[in-house]
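Okay, structure first, notes after.
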Amino acid sequence: MEDRITRYLTAAACVMMGIAVGIVACYGLLLTRVIPASAGPAAVQVEETDEIAAGQQKYAELMGIIDQCYIGDDPDMTVVNDAMASAVVAGIGDRWSYYISAEDYQSYQNNLQNSYVGVGITISAYYNEESEFIGYEVTEVSQGGPAEAAGVLAGDILIRADGTDLSGISLQETKNIVQGEEGTTVRLAFLRDDNIIEYDVERRAFTVIPAEGWMLDHGVGYIRIDNFDSGCSDAVIALVEQLQGEGATSLLFDVRNNPGGMKVELTALLDYLLPEGVIFHTVDFTGSEELVESDASCVDLPMAVLVNADSYSAAEYFACALQEYGVGTVVGEKTFGKGYYQTGIMLSDGSCVNLSVGKYYTPQGKSLIDLGVTPDVELSLDTELAALLAKHQLEPENDPQLQAAMDCLLK
């Protein structure tokens, strides 16, 4: 096992010292340009401080003890080192930075492209009334997907996947288990009305539509944006033009529960909607600034944006930009308040660290960090309505936030 330890100690040192071989776009509010390693974080000369040396020594000591004393089978060193790298990134205390293993990287890239292989369900953590984690609730079942065909229903609680108890498994790890190679099957166990039911579900390739829209009463064109990943701006622009063709006299954008996405998608959409001026401002870790500006062409219709506490990153920035330009009324809950952007830094083994490397500012030069966007009309949903919204089952006539936004547009 000594050769393995030596080999992976080298890999561990690379991770701990921030050595990279290239930079690509990754998740959060993202810069999508490719920065060569010679110009990125890898160019920074990192001293091997006492703290780094102590970390390397501790890792070597631990692996030596495991090698000599552990009675079980030899550990999978790829798993060990992925866990180590993940812990290093988590240890810096930034909730927006995270590590992606080489095994998971392609799936991660597919998600950025709004495509994936899976079973056709959307899940979120589910807790009982005592705030105890139970499993992952199915908030949406893709129409025509394999999960729907198998009998999975929205509201089912996923508790096991391929025999793995999910009680101590993160959402990302759960997705990694459920997703897999196209054409294979995964056995899923759900809680439904206090009964456990199991299904063998085939994995298929899916393309996610990042936005949907339709006409509401009084000429309001409604557009729900689920994420700002690849294809978002084109999809939303097409919907705006379609709804205008159908007679829309105002636009209502819904970015509630939207986790954010890519800078290039956000700025392309803002450029289309907003008049001439600055629409995005960043300052990176070197102090370099970048301004993105909109041209004079814009959409000349009254607008409103629905937000909640789970509108993150590009989603809350989108609402803030329309608010600051005076073209959109923001309705709902105060947003979370994210103001860092991330860049993915590839490591030599094909893994990636998605790291906060800069700050972004609103068109008026404000940071959203820990402040978020304060709606013009503040209004929250009760627990029952919020649950229906998360499942896309809240009808417009029963949605107080949507109705308040329509009132603003009609006035």
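Naming works like this for the structure tokens: A, B, ... for the chains as they're shown, residue 1 at the start of each chain, ligands 1 onward in shown order.
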### Query
Which polymer residues have any atom within 9 Å of an atom of region 351-364 of chain A, counting only C-alpha atoms, with same-chain residues fewer than 6 positions away left out, as number ranges by chain?
A: 15, 20, 23-28, 41, 82, 85-86, 89, 94, 96-105, 277-287, 317, 320-321, 324-325, 339-345
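Every protein or nucleic acid residue with an atom no more than 12 Å from Glu181 (chain A), counting only C-alpha atoms and leaving out same-chain residues fewer than 4 positions away, appears here: Gln106, Ser107, Tyr116, Val117, Gly118, Val119, Asn176, Ile177, Thr185, Val186, Glu202, Arg203, Arg204 and Ala205 of chain A.
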### Query
Out of region 234-339 of chain A, which residues get strand (DSSP E or B) from DSSP, as a ChimeraX atom specification?
/A:250-254,261-262,277-284,289-294,303-307,328-332
## Note on the structure
The distance between CA of Ile121 (chain A) and CA of Ser167 (chain A) is 18.5 Å
#### Entry: Among listed residues A:Ala268, A:Leu216, A:Ala147, A:Ile237, nearest Ala189 (chain A) (using only C-alpha atoms)
A:Ala147
